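Working notes, beginning with the structure itself.
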Amino acid sequence: MNQKERYEWARESYARVGVDTDAAIARLKEIPVSLHCWQGDDVTGFDHDGPLTGGIQTTGNYPGRARTPRELMQDMDQALKLMPGKKKLNLHASYAIFEDGEYADRDKIEPRHFAKWVEFARERNMGIDFNPTFFSHDKIKDGLTLTSPDEETRKFWIDHGRACIRISEYFARQTGVPCVMNIWIGDGCKDIPADRMGPRMRYKDSIEQILSEPYDKELVKPCVESKVFGIGVESYTAGSAEFTLSFAASHGCLPLMDNGHYHPTEMVSDKIPALLCFFPEIALHITRPVRWDSDHVVLYDDETREMAREIVRCDALGRVYMALDYFDAGINRVAAWTVGFRSWQKALLNALCTPNEEFKRLQDENRLTELMIAQEDMKTQPFGDVWEEYCRQCGVAAGTEWFDAVRRYEEEVLSGRKD
Ligand code: RNT
Ligand code: ZN
């Protein structure tokens, strides 16, 4: 059977269980997923020389890291060509592009420092998401930013957040696509704190001040991302789950859940429908935590599939902003981008190829034996053939052939980068 015949056969097989695979493919093509620039250079950025701080870490030293904006864009371009689906660009403030010896500190950055990124995104028909960078910088005092008891330090970081709101609105206006702006800080304590509430009250006030910057609510979507702990801040994290969720609920901004930021038995797939009962919109960082917040490349695994399923089941593709967030320096970085993006696309397509209404009905009618059997049956439906058709329609390879291009790119471009 050729590819076309195999897809015909798969389509019929799915139709028998009430799934329209053509509709699933068409729908997925419309759904943007945000691709994080920071996988390409191990979260280094272009505005400082120091180490990565904030309690996060990349591990590995695979050769070929992007060292300049030009290299990062070139690498990302290579990865984009190998991914099906609609993409959005996710930038951190530390990726500002300064030209002709110019420099602006983080509290002073302006839209024009991101003009090159806007050009890059527009040429590729992508919107842009944005993140203030509250780490890897010498104005972090005693490991603290927006929670700092030092008012000068705290003000610097509030001003950074406000500058980022202005840049986010600029992105939205330039691309015609709303910009999701995510606030995450690593502030916390290595050892048992004497004051847990004080830093949180300062954090609350800081975000309120950031959000007091005028912006168009249709264009800029501020989020707050929670975390359970970081490296070197194991005992206390100011921006905990309860803190960020309560902040978002009481301040009209979005909660952002990163599935690496919870205790290992907590599942973000279960949290998605819980938050959707209350928030009109939520945001996700999709990652793969291995034993901790290790930020491994996203794979097509059980929890990834379940998260996608919840978004689709809740009919919330238009209410959940999806962004990838991982950084592996131990493998080819173009491949890392590609594998992660393709995995999430697979998970979404798989979720769209599920008879969700029928399954809900079985649950509501308490026909749980049938539900179990039907759910198990889905696992051996010919999903690979639907994926192949989706990739064909998007003009990318469905199988592992895409890696040939990465191998060639590594030989021709990446191997020439000696740090
Ligand atoms: C860190 C958070 C945060 C970062 C990026 C680089 O634990 O997940 O989202 O990964 O902002
Ligand atoms: Zn994250």
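Note on naming: chains are A, B, ... as they come in the structure tokens, residues start from 1 per chain, ligands start from 1 in the order shown.
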Item to complete: Let me have all residues with an atom within 7 Å of ligand 1, counting only C-alpha atoms and all ligand atoms, laid out as an MDAnalysis selection string.
Response: chainID A and resid 38 43 56 131 184 227 258 285 325:326
Would you mind exporting N, CA, C and O atoms of the selected residues as a PDB file, in the first residue's frame?
```pdb
ATOM      1  N   TRP A  38      15.336  29.736  23.496  1.00  0.00           N
ATOM      2  CA  TRP A  38      16.439  29.406  24.402  1.00  0.00           C
ATOM      3  C   TRP A  38      16.962  27.979  24.335  1.00  0.00           C
ATOM      4  O   TRP A  38      17.967  27.662  24.952  1.00  0.00           O
ATOM      5  N   VAL A  43      20.053  28.747  26.983  1.00  0.00           N
ATOM      6  CA  VAL A  43      19.510  29.846  27.792  1.00  0.00           C
ATOM      7  C   VAL A  43      20.556  30.928  28.093  1.00  0.00           C
ATOM      8  O   VAL A  43      20.564  31.522  29.168  1.00  0.00           O
ATOM      9  N   ILE A  56      18.026  27.474  37.579  1.00  0.00           N
ATOM     10  CA  ILE A  56      17.810  26.553  36.457  1.00  0.00           C
ATOM     11  C   ILE A  56      19.171  26.157  35.885  1.00  0.00           C
ATOM     12  O   ILE A  56      20.170  26.845  36.100  1.00  0.00           O
ATOM     13  N   ASN A 131       9.116  37.041  27.422  1.00  0.00           N
ATOM     14  CA  ASN A 131       9.405  36.772  28.832  1.00  0.00           C
ATOM     15  C   ASN A 131      10.422  37.772  29.355  1.00  0.00           C
ATOM     16  O   ASN A 131      11.535  37.833  28.831  1.00  0.00           O
ATOM     17  N   TRP A 184       8.236  34.967  35.364  1.00  0.00           N
ATOM     18  CA  TRP A 184       8.746  33.914  36.238  1.00  0.00           C
ATOM     19  C   TRP A 184      10.011  34.416  36.921  1.00  0.00           C
ATOM     20  O   TRP A 184      10.882  34.987  36.262  1.00  0.00           O
ATOM     21  N   LYS A 227       6.390  27.815  40.634  1.00  0.00           N
ATOM     22  CA  LYS A 227       7.446  26.804  40.689  1.00  0.00           C
ATOM     23  C   LYS A 227       7.509  26.214  42.089  1.00  0.00           C
ATOM     24  O   LYS A 227       7.176  26.884  43.065  1.00  0.00           O
ATOM     25  N   ASP A 258       3.885  25.160  34.311  1.00  0.00           N
ATOM     26  CA  ASP A 258       4.987  24.441  33.659  1.00  0.00           C
ATOM     27  C   ASP A 258       4.945  23.050  34.269  1.00  0.00           C
ATOM     28  O   ASP A 258       4.995  22.908  35.499  1.00  0.00           O
ATOM     29  N   HIS A 285       3.687  25.831  29.986  1.00  0.00           N
ATOM     30  CA  HIS A 285       5.041  25.516  29.531  1.00  0.00           C
ATOM     31  C   HIS A 285       5.110  24.003  29.471  1.00  0.00           C
ATOM     32  O   HIS A 285       4.938  23.340  30.502  1.00  0.00           O
ATOM     33  N   ASP A 325       9.052  24.515  26.707  1.00  0.00           N
ATOM     34  CA  ASP A 325      10.095  25.058  27.581  1.00  0.00           C
ATOM     35  C   ASP A 325      11.007  23.936  28.059  1.00  0.00           C
ATOM     36  O   ASP A 325      10.698  23.254  29.030  1.00  0.00           O
ATOM     37  N   TYR A 326      12.097  23.716  27.337  1.00  0.00           N
ATOM     38  CA  TYR A 326      13.105  22.744  27.771  1.00  0.00           C
ATOM     39  C   TYR A 326      14.430  23.189  27.196  1.00  0.00           C
ATOM     40  O   TYR A 326      14.470  24.031  26.280  1.00  0.00           O
TER      41      TYR A 326
END
```
Practice prompt. Pick out the residues no farther than 9 Å from ligand 2, counting only C-alpha atoms and all ligand atoms, and list them as a count of residues only.
Written response: 20
Practice prompt. For Glu12 of chain A, please output as a count of residues only all residues within 12 Å (counting only C-alpha atoms; exclusion window: fewer than 5 positions along the same chain).
Written response: 14
Discussion item. Need to verify the contact set: segment 162-174 of chain A, 7 Å, only C-alpha atoms, exclusion of same-chain residues closer than 2 positions in sequence. Can you return it as an NGL selection string?
Written reply: :A and (107-111 or 118 or 128 or 130 or 132 or 158-160 or 176-179 or 181 or 210 or 213 or 215 or 219-220)
Discussion item. What's around Asp41 of chain A at 7 Å? Count only C-alpha atoms, leave out sequence neighbours fewer than 4 positions away in its own chain, and write the answer as JSON, numbers by chain.
Written reply: {"A": [65, 66, 67]}
Spatial neighbours of Pro32 of chain A, 8 Å, only C-alpha atoms, chain gap at least 4 places, as an mmCIF file with N, CA, C and O atoms, in the first residue's frame:
```
data_model
loop_
_atom_site.group_PDB
_atom_site.id
_atom_site.type_symbol
_atom_site.label_atom_id
_atom_site.label_comp_id
_atom_site.auth_asym_id
_atom_site.auth_seq_id
_atom_site.Cartn_x
_atom_site.Cartn_y
_atom_site.Cartn_z
ATOM 1 N N GLY A 85 2.871 22.182 11.238
ATOM 2 C CA GLY A 85 2.014 22.978 12.110
ATOM 3 C C GLY A 85 2.355 24.448 12.170
ATOM 4 O O GLY A 85 3.307 24.914 11.560
ATOM 5 N N LYS A 86 1.528 25.157 12.932
ATOM 6 C CA LYS A 86 1.636 26.607 13.030
ATOM 7 C C LYS A 86 2.521 26.991 14.224
ATOM 8 O O LYS A 86 2.333 26.487 15.323
ATOM 9 N N LYS A 87 3.471 27.872 13.967
ATOM 10 C CA LYS A 87 4.415 28.215 15.032
ATOM 11 C C LYS A 87 4.321 29.667 15.457
ATOM 12 O O LYS A 87 3.975 30.543 14.673
ATOM 13 N N LYS A 88 4.703 29.876 16.723
ATOM 14 C CA LYS A 88 4.844 31.203 17.270
ATOM 15 C C LYS A 88 6.256 31.253 17.872
ATOM 16 O O LYS A 88 6.779 30.219 18.301
ATOM 17 N N MET A 322 -0.047 27.600 24.402
ATOM 18 C CA MET A 322 0.876 26.477 24.577
ATOM 19 C C MET A 322 2.280 26.872 24.140
ATOM 20 O O MET A 322 2.478 27.313 23.016
#
```
Discussion item. Can you pull out the residues contacting Ile97 of chain A? Cut-off 12 Å, using only C-alpha atoms, and skip same-chain residues under 5 positions away; I want them as a ChimeraX atom specification.
Written reply: /A:45-48,68-70,72-73,91-92,102-105,109-118
